[in-house]
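S.K.: Dumping the structure here so I can ask a few things about it.
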Amino acid sequence: MNLLIHDATIITCNKKTIREGAIATEGMEIVDIGKSSTLKAKYRRGYEKINAKGKVVIPGLINTHQHAAMSLLRGYADDLPLQEWLEKWIWPIEKHMTPHDIYVGALLTATESIMSGTTTVKTMYHYTPEENEAKAFSEAGLRGVVGHVCFSWRKKEDKKALNELAKTWHNKADGLIRTSVDPHSAYTVDPKYMKELHEKRRELNARYGSEKSPIISHIHVAETEDETQKVRNAFGVQVKGGVMEYLDSLGVLDKHVIAAHCVALTEKDIAVAKQRHVKVSHNPISNLKLASGVSPVPKMLEAGVTVSLGTDSPCSNNTADMFSVMKTAALLHKGINKDPTLMPAQQVLELATIEGAKALSWEKEIGSIEIGKKADMVIVNFDQPHLHPIYDETSHLVYAAKASDIETVIINGRISMENGKLTTLNVHKVVKMVEEAKENLLNKLRHQR
Ligand SMILES: [Zn+2]
């Protein structure tokens, strides 16, 4: 499919705003960007036209920390401490989730993500060969890095799942899907296994990855203050300093590792993240909801660490809405540091786009509107009271826009949502499947009791 989006305000997230601009795409790629008058004359026939007058085009948002399948548990248990929430509520119901449930949950998250302007999602969950998150994302036409989450208690199953996931899905579905090796955390993966998983990633990259499309690693790091103690308790190991420093002592950190949360970091941890080029996923809403603390994001940015934004799971957030994450990220650090100049709108929008792409080692293809990159773009309808008057579109995108202002979404050159209507999936059908899956889960829990 070839497209011409014209008469738009284009925020490229590559340091440019183009007014009365146009973007031409051919197949999966952006082939031209410029003034509307020029491009309209140049691309006449064979291009589907989208008139974006009064609208703003931005790169698709990139959510770097999700557990997509967990949308099935949205609202099931709230307002509890992290450990109790996981151990008494989430894990007991999760063990009844079938491969079909995982697929259905991921379909729901994919639907919600696209409809709220997110075009790429990094998800960490259990890979099951029959049905899984990768299948759901590819059917929804959502770009994603799909990982299998690893725990010390199931090493053999993990390794099998990692092999199958990479073999079946890495760089598949027209390049929409990439895969990752995801140790859950330093307190659930023992030091020996952590090193083995690092080696596993190397092995899988040699077989299925490339410098251009690497298989990355994703891990929860320092989500809470007591995480170093949890590592000591779990494995009886010496942990001097913070969790990042501990992981570095195992030799498992490099530029393809993305660390979620990074709340309880020491100064040394930040220096280590910078030195090893570790990428960070900041999840402000989840951290607030679980009262985990506040990640030292301004300090990390100052140190030159790549920071991106994520929602975290649909039960610790509880939506996939990256607009609310952007606004919260912008406000939180101003408030806690009593400094309104921190996290300006322009920077926050970049964290949700180009920095997200860097975090996923995908910045050569996505994260900004540039010739030669994949056509992942979102058209925001500014023709609404809360987005006027317009002095600065970026300010509105971070402080005033809502996910429901998204009108059209293009992923890999394909229109996934047009004028508010999803084109890849039937939303009502997805919701019906979700309600059925929920009933089945509750029935299983009742029978168990
Ligand atoms: Zn998480």
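How things are named: the first chain in the structure tokens is A, the next is B, and so on; residues count from 1 in each chain; ligands count from 1 in the order shown.
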Could you go through segment 74-301 of chain A and tell me which residues DSSP, when run on the backbone, assigns to strand (DSSP E), listing them as JSON, numbers by chain?
M.R.: {"A": [118, 119, 120, 121, 122, 123, 124, 125, 143, 144, 145, 146, 147, 148, 149, 150, 177, 178, 179, 180, 181, 182, 183, 216, 217, 218, 219, 220, 221, 257, 258, 259, 260, 261, 279, 280, 281, 282]}
S.K.: Could you please write out, as JSON, numbers by chain, every residue of segment 221-332 of chain A that DSSP assigns to alpha helix (DSSP H)?
M.R.: {"A": [227, 228, 229, 230, 231, 232, 233, 234, 235, 243, 244, 245, 246, 247, 248, 249, 267, 268, 269, 270, 271, 272, 273, 274, 275, 284, 285, 286, 287, 288, 289, 297, 298, 299, 300, 301, 302, 303, 322, 323, 324, 325, 326, 327, 328, 329, 330, 331, 332]}
S.K.: Which of these residues is nearest to Arg74 of chain A, using only C-alpha atoms: A:Val434, A:Ala303, A:Ala375, A:Leu265?
M.R.: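 Smallest distance to Arg74 of chain A is found for A:Val434.
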S.K.: Just want the residues within 10 Å of ligand 1, written as number ranges by chain, counting only C-alpha atoms and all ligand atoms.
M.R.: A: 65-67, 123-125, 184-185, 218-221, 223, 259-261, 281, 283, 286, 310-314, 316
S.K.: Let's have the selection written as a compact mmCIF listing (two decimals), in the first residue's frame, with C-alpha atoms.
M.R.:
# COMPACT_ATOMS: atom_id res chain seq x y z
CA HIS A 65 7.41 -2.34 29.50
CA GLN A 66 4.24 -4.41 29.29
CA HIS A 67 2.94 -7.82 30.30
CA THR A 123 5.98 -7.41 26.39
CA MET A 124 7.36 -9.91 28.88
CA TYR A 125 5.27 -13.00 29.57
CA HIS A 184 12.28 -11.89 35.47
CA SER A 185 14.53 -10.19 38.05
CA HIS A 218 14.51 -7.35 29.38
CA ILE A 219 14.59 -7.55 33.19
CA HIS A 220 12.96 -5.88 36.21
CA VAL A 221 15.67 -3.98 38.12
CA GLU A 223 11.65 -1.98 41.46
CA ALA A 259 15.98 -2.56 32.70
CA ALA A 260 12.42 -1.88 33.82
CA HIS A 261 11.58 0.40 36.76
CA SER A 281 12.12 1.70 30.99
CA ASN A 283 7.02 3.20 34.54
CA SER A 286 2.88 1.52 38.02
CA GLY A 310 6.36 2.05 29.77
CA THR A 311 2.96 1.38 31.22
CA ASP A 312 3.84 -1.90 32.98
CA SER A 313 1.10 -4.52 33.22
CA PRO A 314 -2.59 -3.73 32.78
CA SER A 316 -0.54 -2.30 37.88
S.K.: Applying 9 Å and only C-alpha atoms, which residues near Leu73 of chain A remain after dropping the ones on its own chain fewer than 3 positions away? List them as number ranges by chain.
M.R.: A: 69-70, 76-77, 90, 93-94, 105, 314-315, 438
S.K.: Measuring between only C-alpha atoms, which one of A:Lys289, A:Arg44, A:Lys421, A:His256 shows the shortest distance to Arg202 of chain A?
M.R.: A:His256
S.K.: Give me the residues near Glu435 of chain A as number ranges by chain, where near means some atom within 12 Å (using only C-alpha atoms) and where sequence neighbours in that chain fewer than 5 positions away do not count.
M.R.: A: 71-74, 101, 104-105, 108, 428-430, 440-442
S.K.: Considering only C-alpha atoms, can you say which of A:Ala68, A:Ser395, A:Thr306, A:Gln346 comes closest to Ala359 of chain A?
M.R.: A:Thr306
S.K.: Quick one: of A:Val146, A:Ala106, A:Val398, A:Ile411, who's nearest to Asp174 of chain A, counting only C-alpha atoms?
M.R.: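 Of A:Val146, A:Ala106, A:Val398, A:Ile411, the one nearest Asp174 of chain A, counting only C-alpha atoms, is A:Ile411.
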